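Q: So I've got this file, run_39.cif, and it contains mmCIF, C-alpha atoms:
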data_upload
#
loop_
_atom_site.label_atom_id
_atom_site.label_comp_id
_atom_site.auth_asym_id
_atom_site.auth_seq_id
_atom_site.Cartn_x
_atom_site.Cartn_y
_atom_site.Cartn_z
CA MET A 1 41.71 32.57 19.67
CA GLU A 2 39.86 35.40 21.41
CA SER A 3 39.15 35.23 25.14
CA PHE A 4 35.59 34.14 25.89
CA SER A 5 33.16 34.80 28.70
CA LEU A 6 30.24 32.43 29.31
CA ILE A 7 27.68 34.81 27.84
CA LEU A 8 29.84 35.31 24.76
CA ALA A 9 30.07 31.55 24.26
CA ILE A 10 26.28 31.31 24.57
CA VAL A 11 25.87 34.03 21.96
CA VAL A 12 28.22 32.30 19.51
CA VAL A 13 26.42 28.96 19.91
CA THR A 14 23.03 30.65 19.48
CA ALA A 15 24.27 32.50 16.39
CA LEU A 16 25.38 29.21 14.83
CA ALA A 17 21.97 27.73 15.72
CA PHE A 18 20.37 30.61 13.84
CA ASP A 19 22.71 29.94 10.92
CA PHE A 20 21.58 26.32 10.92
CA THR A 21 17.89 27.35 10.81
CA ASN A 22 18.77 29.82 8.07
CA GLY A 23 20.23 26.95 6.07
CA PHE A 24 17.21 24.66 6.15
CA HIS A 25 14.80 27.59 5.94
CA ASP A 26 16.43 28.83 2.72
CA THR A 27 17.28 25.55 0.98
CA ALA A 28 14.19 26.17 -1.14
CA ASN A 29 15.72 29.34 -2.56
CA ALA A 30 18.31 27.37 -4.50
CA MET A 31 16.73 23.99 -5.04
CA ALA A 32 12.91 24.18 -5.00
CA THR A 33 12.52 24.70 -8.75
CA THR A 34 15.20 22.12 -9.57
CA ILE A 35 13.45 19.54 -7.38
CA SER A 36 9.94 20.39 -8.59
CA THR A 37 10.86 19.98 -12.27
CA GLY A 38 12.80 16.76 -11.62
CA ALA A 39 16.14 18.14 -12.77
CA LEU A 40 17.74 16.69 -9.63
CA LYS A 41 16.65 14.15 -7.05
CA PRO A 42 15.82 15.85 -3.73
CA LYS A 43 18.72 14.44 -1.69
CA ILE A 44 21.27 15.09 -4.42
CA ALA A 45 19.98 18.64 -4.76
CA VAL A 46 20.37 19.54 -1.07
CA THR A 47 23.81 17.90 -0.90
CA MET A 48 25.06 19.99 -3.82
CA SER A 49 23.50 23.13 -2.34
CA ALA A 50 25.14 22.52 1.05
CA ALA A 51 28.59 22.15 -0.47
CA LEU A 52 28.27 25.33 -2.53
CA ASN A 53 26.90 27.30 0.43
CA LEU A 54 30.07 26.41 2.30
CA VAL A 55 32.26 27.55 -0.61
CA GLY A 56 30.27 30.77 -0.97
CA ALA A 57 30.86 31.69 2.66
CA PHE A 58 34.55 32.30 1.89
CA LEU A 59 34.06 34.55 -1.13
CA SER A 60 33.25 37.87 0.54
CA VAL A 61 32.77 39.65 3.88
CA GLU A 62 30.99 42.78 2.62
CA VAL A 63 27.56 41.80 3.98
CA ALA A 64 29.12 40.73 7.29
CA ASN A 65 30.69 44.16 7.60
CA THR A 66 27.33 45.84 6.92
CA ILE A 67 25.91 44.08 9.98
CA SER A 68 28.89 44.25 12.31
CA LYS A 69 29.94 47.80 11.45
CA GLY A 70 26.96 49.58 9.91
CA LEU A 71 23.47 48.70 11.10
CA VAL A 72 23.76 49.48 14.83
CA ASP A 73 26.22 51.38 17.00
CA GLU A 74 28.68 48.72 18.09
CA ASN A 75 29.81 50.83 21.05
CA GLY A 76 27.75 50.08 24.13
CA ILE A 77 26.05 46.99 22.67
CA ARG A 78 26.32 44.13 25.15
CA PRO A 79 26.54 40.43 24.17
CA GLU A 80 23.14 39.93 25.83
CA VAL A 81 21.64 42.24 23.21
CA ILE A 82 22.98 40.03 20.43
CA PHE A 83 21.60 36.96 22.19
CA ALA A 84 18.14 38.55 22.44
CA ALA A 85 18.25 39.47 18.75
CA LEU A 86 19.05 35.89 17.79
CA VAL A 87 16.14 34.59 19.88
CA GLY A 88 13.73 36.73 17.88
CA ALA A 89 15.22 35.61 14.57
CA ILE A 90 15.30 31.88 15.41
CA LEU A 91 11.71 31.78 16.65
CA TRP A 92 10.43 33.54 13.53
CA ASN A 93 12.38 31.13 11.31
CA LEU A 94 10.91 28.12 13.10
CA VAL A 95 7.33 29.39 13.06
CA THR A 96 7.37 30.21 9.35
CA TRP A 97 9.08 26.90 8.58
CA LEU A 98 6.31 25.07 10.45
CA VAL A 99 3.63 26.63 8.24
CA GLY A 100 5.76 26.32 5.09
CA LEU A 101 6.11 30.03 4.34
CA PRO A 102 9.30 31.25 2.62
CA SER A 103 9.86 34.29 4.84
CA SER A 104 13.16 36.10 5.11
CA SER A 105 15.74 34.80 7.59
CA SER A 106 17.76 37.91 6.83
CA HIS A 107 14.99 40.28 7.85
CA ALA A 108 14.23 38.17 10.91
CA LEU A 109 17.84 38.70 11.99
CA MET A 110 17.72 42.41 11.18
CA GLY A 111 14.43 42.80 13.03
CA GLY A 112 15.67 40.95 16.10
CA LEU A 113 18.85 43.03 16.19
CA ILE A 114 16.99 46.31 15.80
CA GLY A 115 14.41 45.44 18.46
CA ALA A 116 16.98 44.28 20.99
CA THR A 117 19.21 47.30 20.33
CA VAL A 118 16.34 49.76 20.74
CA ALA A 119 15.28 48.07 24.00
CA SER A 120 18.84 48.29 25.29
CA ALA A 121 20.17 51.61 24.00
CA GLY A 122 17.28 53.46 22.36
CA PHE A 123 16.49 54.36 18.77
CA GLY A 124 19.65 56.45 18.45
CA ALA A 125 21.76 53.28 18.45
CA VAL A 126 20.22 52.16 15.14
CA HIS A 127 21.74 53.72 12.02
CA GLY A 128 18.60 54.62 10.09
CA ASP A 129 20.39 55.52 6.87
CA VAL A 130 22.00 52.08 6.66
CA LEU A 131 18.69 50.42 7.51
CA VAL A 132 16.91 52.23 4.69
CA THR A 133 19.57 52.05 1.98
CA LYS A 134 21.00 48.58 2.58
CA VAL A 135 18.02 46.68 4.05
CA LEU A 136 14.60 48.22 3.35
CA LEU A 137 15.08 49.55 -0.18
CA PRO A 138 16.66 46.30 -1.44
CA ALA A 139 13.79 44.40 0.23
CA VAL A 140 11.29 46.27 -1.95
CA ALA A 141 13.31 46.50 -5.15
CA ALA A 142 14.92 43.04 -5.27
CA PRO A 143 11.81 40.86 -5.79
CA LEU A 144 10.43 43.30 -8.36
CA VAL A 145 13.66 43.44 -10.34
CA ALA A 146 14.17 39.66 -10.12
CA GLY A 147 10.54 39.02 -11.08
CA LEU A 148 10.73 41.27 -14.14
CA ALA A 149 14.06 39.74 -15.17
CA ALA A 150 12.64 36.21 -14.78
CA THR A 151 9.54 37.08 -16.82
CA LEU A 152 11.66 38.40 -19.68
CA ALA A 153 14.13 35.50 -19.42
CA THR A 154 11.28 32.97 -19.50
CA ARG A 155 9.78 34.49 -22.64
CA MET A 156 13.19 34.58 -24.24
CA SER A 157 13.82 30.94 -23.32
CA TYR A 158 10.60 29.79 -24.94
CA ALA A 159 11.23 31.95 -28.00
CA LEU A 160 14.72 30.52 -28.50
CA SER A 161 13.51 26.93 -28.14
CA LYS A 162 10.33 27.41 -30.20
CA ASN A 163 11.47 25.27 -33.13
CA ALA A 164 13.67 22.88 -31.18
CA GLU A 165 12.81 19.25 -30.47
CA ASP A 166 10.86 19.06 -27.21
CA GLU A 167 12.85 16.32 -25.49
CA ALA A 168 16.20 17.85 -26.34
CA THR A 169 14.97 21.23 -25.13
CA ARG A 170 13.83 19.81 -21.79
CA LYS A 171 17.14 18.03 -21.26
CA GLY A 172 19.12 21.13 -22.12
CA TYR A 173 17.19 23.38 -19.79
CA ARG A 174 17.34 20.84 -16.98
CA ALA A 175 21.12 20.85 -17.30
CA GLY A 176 20.95 24.64 -17.23
CA GLN A 177 18.78 24.45 -14.12
CA ILE A 178 21.38 22.38 -12.31
CA ALA A 179 24.08 24.93 -13.16
CA SER A 180 21.91 27.91 -12.19
CA ALA A 181 20.82 26.21 -8.96
CA GLY A 182 24.47 25.77 -8.08
CA LEU A 183 25.01 29.46 -8.76
CA VAL A 184 22.10 30.38 -6.44
CA SER A 185 23.57 28.16 -3.71
CA LEU A 186 26.96 29.81 -4.12
CA ALA A 187 25.31 33.23 -4.01
CA HIS A 188 23.35 32.26 -0.89
CA GLY A 189 26.56 31.35 0.87
CA THR A 190 28.11 34.71 -0.03
CA ASN A 191 25.09 36.59 1.34
CA ASP A 192 23.33 34.68 4.11
CA ALA A 193 26.28 32.96 5.77
CA GLN A 194 27.86 36.38 6.12
CA LYS A 195 24.97 37.62 8.23
CA THR A 196 25.86 35.16 10.97
CA MET A 197 29.52 36.10 10.58
CA GLY A 198 28.54 39.72 11.11
CA ILE A 199 26.47 38.91 14.20
CA ILE A 200 29.25 36.85 15.81
CA THR A 201 31.79 39.55 14.97
CA LEU A 202 29.52 42.17 16.54
CA ALA A 203 29.23 39.99 19.66
CA LEU A 204 33.02 39.61 19.84
CA ILE A 205 33.39 43.38 19.62
CA ALA A 206 30.67 43.90 22.25
CA GLY A 207 32.41 41.39 24.54
CA GLY A 208 35.79 43.08 24.12
CA SER A 209 37.38 40.08 22.41
CA ILE A 210 38.33 41.92 19.23
CA ALA A 211 38.77 45.58 18.35
CA PRO A 212 35.89 47.66 16.92
CA GLY A 213 35.90 47.71 13.14
CA SER A 214 37.53 44.28 12.81
CA ASN A 215 36.68 41.90 9.97
CA PRO A 216 35.30 38.44 10.86
CA PRO A 217 38.07 36.12 12.13
CA THR A 218 38.79 33.03 10.04
CA TRP A 219 37.25 30.66 12.58
CA VAL A 220 34.03 32.68 12.45
CA ILE A 221 33.89 32.40 8.65
CA LEU A 222 34.51 28.65 8.78
CA SER A 223 31.99 27.91 11.55
CA ALA A 224 29.28 30.02 9.93
CA GLY A 225 29.85 28.33 6.59
CA LEU A 226 29.67 24.86 8.14
CA ALA A 227 26.51 25.67 10.11
CA ILE A 228 24.58 26.98 7.11
CA ALA A 229 25.81 24.08 4.97
CA LEU A 230 24.58 21.54 7.52
CA GLY A 231 21.20 23.24 7.76
CA THR A 232 20.95 23.26 3.97
CA TYR A 233 21.72 19.54 3.83
CA ILE A 234 18.94 18.79 6.33
CA GLY A 235 16.55 20.40 3.84
CA GLY A 236 13.57 22.61 4.71
CA TRP A 237 11.16 20.36 2.83
CA ARG A 238 8.01 22.24 3.85
CA ILE A 239 9.25 25.46 2.28
CA ILE A 240 10.68 23.61 -0.73
CA ARG A 241 7.16 22.29 -1.41
CA THR A 242 5.66 25.79 -1.20
CA MET A 243 8.30 27.37 -3.40
CA GLY A 244 8.42 24.59 -5.97
CA LYS A 245 4.74 23.65 -6.20
CA GLY A 246 2.75 26.17 -4.19
CA LEU A 247 3.45 29.34 -6.18
CA THR A 248 3.22 28.06 -9.76
CA ASP A 249 3.82 24.97 -11.87
CA LEU A 250 7.24 25.29 -13.45
CA GLN A 251 8.68 23.74 -16.57
CA PRO A 252 12.47 23.44 -17.02
CA GLN A 253 12.67 26.61 -19.12
CA GLN A 254 10.96 28.58 -16.35
CA GLY A 255 13.11 27.03 -13.62
CA PHE A 256 16.28 27.95 -15.48
CA ALA A 257 15.10 31.53 -16.04
CA ALA A 258 14.01 31.97 -12.42
CA GLN A 259 17.24 30.68 -10.90
CA THR A 260 19.53 32.57 -13.26
CA SER A 261 17.72 35.84 -12.57
CA ALA A 262 17.82 35.24 -8.81
CA ALA A 263 21.51 34.32 -8.75
CA THR A 264 22.44 37.45 -10.69
CA ALA A 265 20.53 39.70 -8.26
CA ILE A 266 21.95 38.00 -5.15
CA LEU A 267 25.57 38.07 -6.31
CA ALA A 268 25.28 41.74 -7.30
CA SER A 269 23.86 42.64 -3.88
CA SER A 270 26.59 40.71 -2.06
CA HIS A 271 29.23 42.64 -4.00
CA LEU A 272 27.59 45.93 -2.98
CA GLY A 273 27.22 44.89 0.67
CA PHE A 274 23.40 44.87 0.65
CA SER A 275 21.87 42.62 3.30
CA LEU A 276 19.46 41.21 0.75
CA SER A 277 16.75 38.65 1.41
CA THR A 278 17.46 35.72 -0.89
CA THR A 279 13.93 34.51 -0.15
CA HIS A 280 12.43 37.71 -1.55
CA VAL A 281 14.60 37.51 -4.65
CA VAL A 282 13.88 33.86 -5.43
CA SER A 283 10.16 34.17 -4.69
CA GLY A 284 9.94 37.16 -7.02
CA SER A 285 11.80 35.34 -9.77
CA VAL A 286 9.59 32.22 -9.42
CA MET A 287 6.44 34.34 -9.74
CA GLY A 288 7.96 36.18 -12.69
CA ALA A 289 8.78 32.88 -14.38
CA GLY A 290 5.22 31.70 -13.76
CA LEU A 291 3.82 34.74 -15.54
CA GLY A 292 6.43 34.60 -18.29
CA ARG A 293 5.11 31.38 -19.84
CA LYS A 294 2.10 31.69 -22.12
CA GLY A 295 -0.82 30.37 -20.12
CA GLY A 296 1.27 30.27 -16.95
CA THR A 297 -0.41 31.13 -13.67
CA VAL A 298 0.57 32.19 -10.18
CA ARG A 299 -1.27 30.98 -7.11
CA TRP A 300 -2.02 34.40 -5.74
CA SER A 301 -3.42 33.14 -2.44
CA THR A 302 -0.03 31.61 -1.61
CA ALA A 303 1.77 34.70 -2.88
CA THR A 304 -0.43 36.91 -0.71
CA ARG A 305 0.32 34.87 2.42
CA MET A 306 4.02 35.13 1.63
CA VAL A 307 3.89 38.91 1.24
CA ILE A 308 2.02 39.24 4.54
CA ALA A 309 4.74 37.16 6.20
CA TRP A 310 7.39 39.41 4.62
CA LEU A 311 5.70 42.52 6.01
CA LEU A 312 5.43 40.99 9.48
CA THR A 313 8.98 39.64 9.66
CA LEU A 314 10.86 42.77 10.73
CA PRO A 315 8.34 44.01 13.34
CA ALA A 316 7.58 40.53 14.73
CA ALA A 317 11.25 39.59 15.17
CA ALA A 318 11.95 43.07 16.56
CA LEU A 319 9.19 42.69 19.15
CA VAL A 320 10.45 39.29 20.31
CA GLY A 321 14.04 40.61 20.35
CA ALA A 322 12.99 43.59 22.46
CA LEU A 323 11.08 41.42 24.92
CA ALA A 324 13.98 38.98 25.19
CA GLU A 325 16.38 41.87 25.83
CA SER A 326 14.10 43.20 28.58
CA VAL A 327 14.32 39.83 30.34
CA THR A 328 18.07 39.36 29.85
CA ASP A 329 18.58 42.86 31.26
CA LEU A 330 17.45 41.48 34.63
CA GLY A 331 20.72 39.60 35.03
CA ASP A 332 22.16 36.14 34.50
CA TRP A 333 18.97 34.44 35.63
CA GLY A 334 17.05 36.44 33.03
CA THR A 335 19.40 35.23 30.31
CA ALA A 336 18.90 31.67 31.55
CA VAL A 337 15.11 32.08 31.39
CA VAL A 338 15.28 33.29 27.79
CA ALA A 339 17.59 30.42 26.84
CA VAL A 340 15.23 27.84 28.38
CA PHE A 341 12.26 29.45 26.65
CA LEU A 342 14.04 29.30 23.29
CA VAL A 343 14.86 25.61 23.67
CA ALA A 344 11.33 24.78 24.86
CA ALA A 345 9.70 26.74 22.03
CA GLY A 346 11.95 25.09 19.45
CA ALA A 347 11.13 21.62 20.80
CA THR A 348 7.40 22.39 20.74
CA ILE A 349 7.51 23.59 17.14
CA TRP A 350 9.45 20.49 16.10
CA LYS A 351 6.88 18.26 17.83
CA LEU A 352 4.04 20.02 16.03
CA SER A 353 5.81 19.50 12.71
CA ARG A 354 5.72 15.73 13.25
CA ARG A 355 1.93 15.73 12.90
CA GLU A 356 2.32 16.12 9.15
CA VAL A 357 5.78 15.11 8.00
CA VAL A 358 7.14 16.61 4.78
CA ASP A 359 10.41 15.12 3.57
CA SER A 360 12.31 14.20 0.42
CA ALA A 361 9.85 11.39 -0.33
CA ASN A 362 6.73 13.55 -0.56
CA VAL A 363 8.08 17.04 -1.21
CA ASN A 364 6.63 17.12 -4.73
CA ASP A 365 3.16 16.00 -3.66
CA THR A 366 0.49 18.64 -4.11
CA GLU A 367 -2.84 18.98 -2.42
CA ALA A 368 -6.10 19.43 -4.26
CA GLY A 369 -6.23 22.85 -5.81
CA GLU A 370 -8.60 25.72 -5.25
CA PRO A 371 -10.92 27.40 -7.77
CA ALA A 372 -9.39 30.02 -9.98
CA GLY A 373 -9.52 33.57 -8.74
CA VAL A 374 -10.36 36.70 -10.68
CA VAL A 375 -6.76 37.65 -11.49
CA THR A 376 -5.81 34.20 -12.75
CA THR A 377 -8.98 33.90 -14.83
CA ALA A 378 -8.31 37.29 -16.42
CA ILE A 379 -4.71 36.37 -17.25
CA ALA A 380 -5.81 33.04 -18.72
CA ALA A 381 -8.38 34.82 -20.90
CA VAL A 382 -5.74 37.15 -22.34
CA THR A 383 -2.96 34.58 -22.79
CA PRO A 384 -4.57 31.13 -23.11
CA PRO A 385 -2.28 28.09 -23.17
CA PRO A 386 -1.79 26.34 -26.50
CA ALA A 387 -4.43 23.80 -27.50
CA GLY A 388 -3.70 20.18 -26.75
CA THR A 389 -1.99 18.56 -23.83
CA VAL A 390 1.74 17.96 -23.74
CA THR A 391 3.27 15.97 -20.93
CA ASP A 392 6.78 14.88 -20.10
CA GLY A 393 5.89 13.00 -16.94
CA LEU A 394 6.60 16.04 -14.78
CA THR A 395 4.71 19.01 -16.20
CA ALA A 396 1.57 19.50 -18.23
CA THR A 397 0.02 22.28 -20.31
CA ILE A 398 -3.77 22.24 -19.95
CA PRO A 399 -5.97 22.76 -23.03
CA SER A 400 -7.55 26.18 -23.52
CA PRO A 401 -11.05 26.38 -22.05
CA SER A 402 -13.92 26.38 -24.50
CA PRO A 403 -15.72 29.69 -25.07
CA ALA A 404 -18.86 28.31 -23.47
CA ALA A 405 -17.20 27.47 -20.19
CA PRO A 406 -15.45 29.77 -17.76
CA ALA A 407 -11.65 29.50 -17.59
CA THR A 408 -10.58 27.62 -14.52
CA ASP A 409 -7.30 26.47 -13.10
CA PRO A 410 -8.00 24.34 -10.03
CA ALA A 411 -4.48 24.98 -8.73
CA ALA A 412 -4.57 28.77 -8.87
CA THR A 413 -6.43 31.21 -6.70
CA VAL A 414 -6.45 34.78 -5.51
#
Take the structure from the file and write it as structure tokens.

A:
Amino acid sequence: MESFSLILAIVVVTALAFDFTNGFHDTANAMATTISTGALKPKIAVTMSAALNLVGAFLSVEVANTISKGLVDENGIRPEVIFAALVGAILWNLVTWLVGLPSSSSHALMGGLIGATVASAGFGAVHGDVLVTKVLLPAVAAPLVAGLAATLATRMSYALSKNAEDEATRKGYRAGQIASAGLVSLAHGTNDAQKTMGIITLALIAGGSIAPGSNPPTWVILSAGLAIALGTYIGGWRIIRTMGKGLTDLQPQQGFAAQTSAATAILASSHLGFSLSTTHVVSGSVMGAGLGRKGGTVRWSTATRMVIAWLLTLPAAALVGALAESVTDLGDWGTAVVAVFLVAAGATIWKLSRREVVDSANVNDTEAGEPAGVVTTAIAAVTPPPAGTVTDGLTATIPSPSPAAPATDPAATV
């Protein structure tokens, strides 16, 4: 094993802590729709997702190489810079988890790394072409592509099952949901676990433990896979609630379409080495699935808050990473101050989360809805749901509003 200094050991431990937060922050990406439609029990769902995340971590190192070899100039980057970057990423993950927003752990890591690198070595140390082509452009394109694919897949799913018996259709699509959720989990392991591998590899290069341009060592792959799997098993129940119930009400056909579309996009990006946000992809596919069902709605207020969080992720994590790097640059005592601050902030956020506990027992509970907004009302007027109410104990289609009354959906808003 490589020789370690104390600061390098601190960086590796902090990177694995980030990987853990990435796991519970992104559990919703694979399992929110499966849990919300009842295809799997919550605990079974997160256990399956954790196991497949671990398997996925061993399938590729392309994304890890994008981070360790491509995003920033690895020459002259000190381990303290990596530590500062991780501080920015972890704090953003914890804050957005506390408020239940599915923000991007990937972009938090990228933002923290960019901010800390700029504070340490200037803007010239960031490879702008890699940032644009492999981070920013996929961030914009991925949710749009996944959303469109999910919309089309949802319409196709309903068309194919139009004349089928309802109960058999629901059972079939729930089985499909389980398979597609497993595929998303596998894809998440191939993409997100690699980001921590790339960060640790970059730290090892910065600390002189391995040669520049090296691939992640086997122990790095294993530890990163285990850390993200453990975080996934813990379950980020707050974000699972938002993704499964806060964006739209999903039926099994929609859940299957959303997860299949998301898994395809994530696996393709991993193969190409794009540091893609799985959160962006899955959120886009869930919204697309919501719009793909006749009479389906999207809670645009929740979607708007998510998009705002997406836009803030890179600059917010970069700012914290830059500030942390400025303090660590003061010497060992500065690094100690940042480490203490990170632990204290994490403990405070955890304590605040205990005021309203969300866990596997109440993850599918929903709060009282809000009045329908203009966009939702307009969509409902153009594509009203079929008359009559059909329930399967988990989902319901609400009767079309009468012409004399305005169309309302108390769960949807702009």

Q: I need the output of the PyMOL selection byres ((chain A and resi 292) around 7) for this file as a PDB file with C-alpha atoms, keeping the file's coordinate frame; which residues are they?

A:
ATOM      1  CA  THR A 151       9.540  37.080 -16.820  1.00  0.00           C
ATOM      2  CA  LEU A 152      11.660  38.400 -19.680  1.00  0.00           C
ATOM      3  CA  THR A 154      11.280  32.970 -19.500  1.00  0.00           C
ATOM      4  CA  ARG A 155       9.780  34.490 -22.640  1.00  0.00           C
ATOM      5  CA  GLY A 288       7.960  36.180 -12.690  1.00  0.00           C
ATOM      6  CA  ALA A 289       8.780  32.880 -14.380  1.00  0.00           C
ATOM      7  CA  GLY A 290       5.220  31.700 -13.760  1.00  0.00           C
ATOM      8  CA  LEU A 291       3.820  34.740 -15.540  1.00  0.00           C
ATOM      9  CA  ARG A 293       5.110  31.380 -19.840  1.00  0.00           C
ATOM     10  CA  LYS A 294       2.100  31.690 -22.120  1.00  0.00           C
ATOM     11  CA  GLY A 296       1.270  30.270 -16.950  1.00  0.00           C
TER      12      GLY A 296
END

Q: Can you spell out as a list in words the set of residues that the PyMOL selection byres ((chain A and resi 143) around 10) selects in the structure I just provided?

A: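 On the file shown, the PyMOL selection byres ((chain A and resi 143) around 10) covers Pro138, Ala139, Val140, Ala141, Ala142, Leu144, Val145, Ala146, Gly147, Leu148, Ala149, Ala262, Ala265, Ser277, Thr278, Thr279, His280, Val281, Val282, Ser283, Gly284, Ser285, Val286, Met287 and Gly288 of chain A.
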
Q: What gap, in Å, lies between CA of Val307 (chain A) and CA of Gly38 (chain A)?

A: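 CA of Gly38 (chain A) lies at a distance of 27.1 Å from CA of Val307 (chain A).
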
Q: Give me the residues within 10 Å of region 335-348 of chain A as a list in words, counting only C-alpha atoms and dropping any in the same chain fewer than 3 places off.

A: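 Everything that qualifies: Ile7, Ile10, Thr14, Glu80, Phe83, Ala84, Leu86, Val87, Gly88, Ile90, Leu91, Leu94, Val95, Leu323, Ala324, Glu325, Ser326, Val327, Thr328, Asp329, Leu330, Gly331, Asp332, Lys351, Leu352 and Ser353 of chain A.
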
Q: Find the distance between CA of His107 (chain A) and CA of Ser36 (chain A) and write it in Å to one decimal.

A: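 These atoms are spaced 26.3 Å apart.
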
Q: What do you get, as a list of chain:residue names, if you spell out every residue that the PyMOL selection byres ((chain A and resi 201) around 10) selects here?

A: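 When the PyMOL selection byres ((chain A and resi 201) around 10) is applied to the shown file, the picked residues are A:Val12, A:Ala64, A:Asn65, A:Ile67, A:Ser68, A:Lys69, A:Lys195, A:Thr196, A:Met197, A:Gly198, A:Ile199, A:Ile200, A:Leu202, A:Ala203, A:Leu204, A:Ile205, A:Ala206, A:Gly207, A:Ser209, A:Ile210, A:Ala211, A:Pro212, A:Gly213, A:Ser214, A:Asn215, A:Pro216, A:Pro217, A:Val220, A:Ile221.
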
Q: Which one of A:Ser5, A:Gln254, A:Ser185, A:Ser157 sits closest to Met31 (chain A) if you count all atoms listed in the file?

A: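 Checking each candidate against Met31 (chain A), we get A:Ser185 as the closest.
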
Q: Between A:Lys134, A:Arg78, A:Arg174, A:Arg305, which one has atoms that come closest to Ala119 (chain A), using all atoms listed in the file?

A: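 Under the stated criterion, the closest residue is A:Arg78.
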
Q: N, CA, C and O atoms are needed for region 316-327 of chain A; please write them out as an mmCIF file, in the coordinates of the input.

A:
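Listing of out-v3.cif after writing:
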data_model
loop_
_atom_site.group_PDB
_atom_site.id
_atom_site.type_symbol
_atom_site.label_atom_id
_atom_site.label_comp_id
_atom_site.auth_asym_id
_atom_site.auth_seq_id
_atom_site.Cartn_x
_atom_site.Cartn_y
_atom_site.Cartn_z
ATOM 1 N N ALA A 316 7.793 41.661 13.822
ATOM 2 C CA ALA A 316 7.580 40.530 14.730
ATOM 3 C C ALA A 316 8.884 40.109 15.396
ATOM 4 O O ALA A 316 8.946 39.912 16.621
ATOM 5 N N ALA A 317 9.954 39.962 14.598
ATOM 6 C CA ALA A 317 11.250 39.590 15.170
ATOM 7 C C ALA A 317 11.768 40.698 16.084
ATOM 8 O O ALA A 317 12.389 40.420 17.125
ATOM 9 N N ALA A 318 11.511 41.955 15.720
ATOM 10 C CA ALA A 318 11.950 43.070 16.560
ATOM 11 C C ALA A 318 11.234 43.051 17.909
ATOM 12 O O ALA A 318 11.851 43.301 18.956
ATOM 13 N N LEU A 319 9.952 42.746 17.895
ATOM 14 C CA LEU A 319 9.190 42.690 19.150
ATOM 15 C C LEU A 319 9.711 41.585 20.056
ATOM 16 O O LEU A 319 9.931 41.808 21.262
ATOM 17 N N VAL A 320 9.934 40.399 19.492
ATOM 18 C CA VAL A 320 10.450 39.290 20.310
ATOM 19 C C VAL A 320 11.849 39.617 20.803
ATOM 20 O O VAL A 320 12.188 39.352 21.968
ATOM 21 N N GLY A 321 12.687 40.221 19.940
ATOM 22 C CA GLY A 321 14.040 40.610 20.350
ATOM 23 C C GLY A 321 14.016 41.616 21.485
ATOM 24 O O GLY A 321 14.806 41.525 22.431
ATOM 25 N N ALA A 322 13.096 42.584 21.401
ATOM 26 C CA ALA A 322 12.990 43.590 22.460
ATOM 27 C C ALA A 322 12.531 42.974 23.769
ATOM 28 O O ALA A 322 13.054 43.300 24.847
ATOM 29 N N LEU A 323 11.555 42.076 23.706
ATOM 30 C CA LEU A 323 11.080 41.420 24.920
ATOM 31 C C LEU A 323 12.169 40.553 25.542
ATOM 32 O O LEU A 323 12.354 40.540 26.770
ATOM 33 N N ALA A 324 12.895 39.818 24.678
ATOM 34 C CA ALA A 324 13.980 38.980 25.190
ATOM 35 C C ALA A 324 15.061 39.831 25.843
ATOM 36 O O ALA A 324 15.608 39.470 26.893
ATOM 37 N N GLU A 325 15.375 40.975 25.252
ATOM 38 C CA GLU A 325 16.380 41.870 25.830
ATOM 39 C C GLU A 325 15.908 42.408 27.176
ATOM 40 O O GLU A 325 16.707 42.543 28.122
ATOM 41 N N SER A 326 14.624 42.706 27.309
ATOM 42 C CA SER A 326 14.100 43.200 28.580
ATOM 43 C C SER A 326 14.282 42.173 29.692
ATOM 44 O O SER A 326 14.552 42.525 30.841
ATOM 45 N N VAL A 327 14.154 40.893 29.339
ATOM 46 C CA VAL A 327 14.320 39.830 30.340
ATOM 47 C C VAL A 327 15.801 39.613 30.641
ATOM 48 O O VAL A 327 16.201 39.487 31.807
#
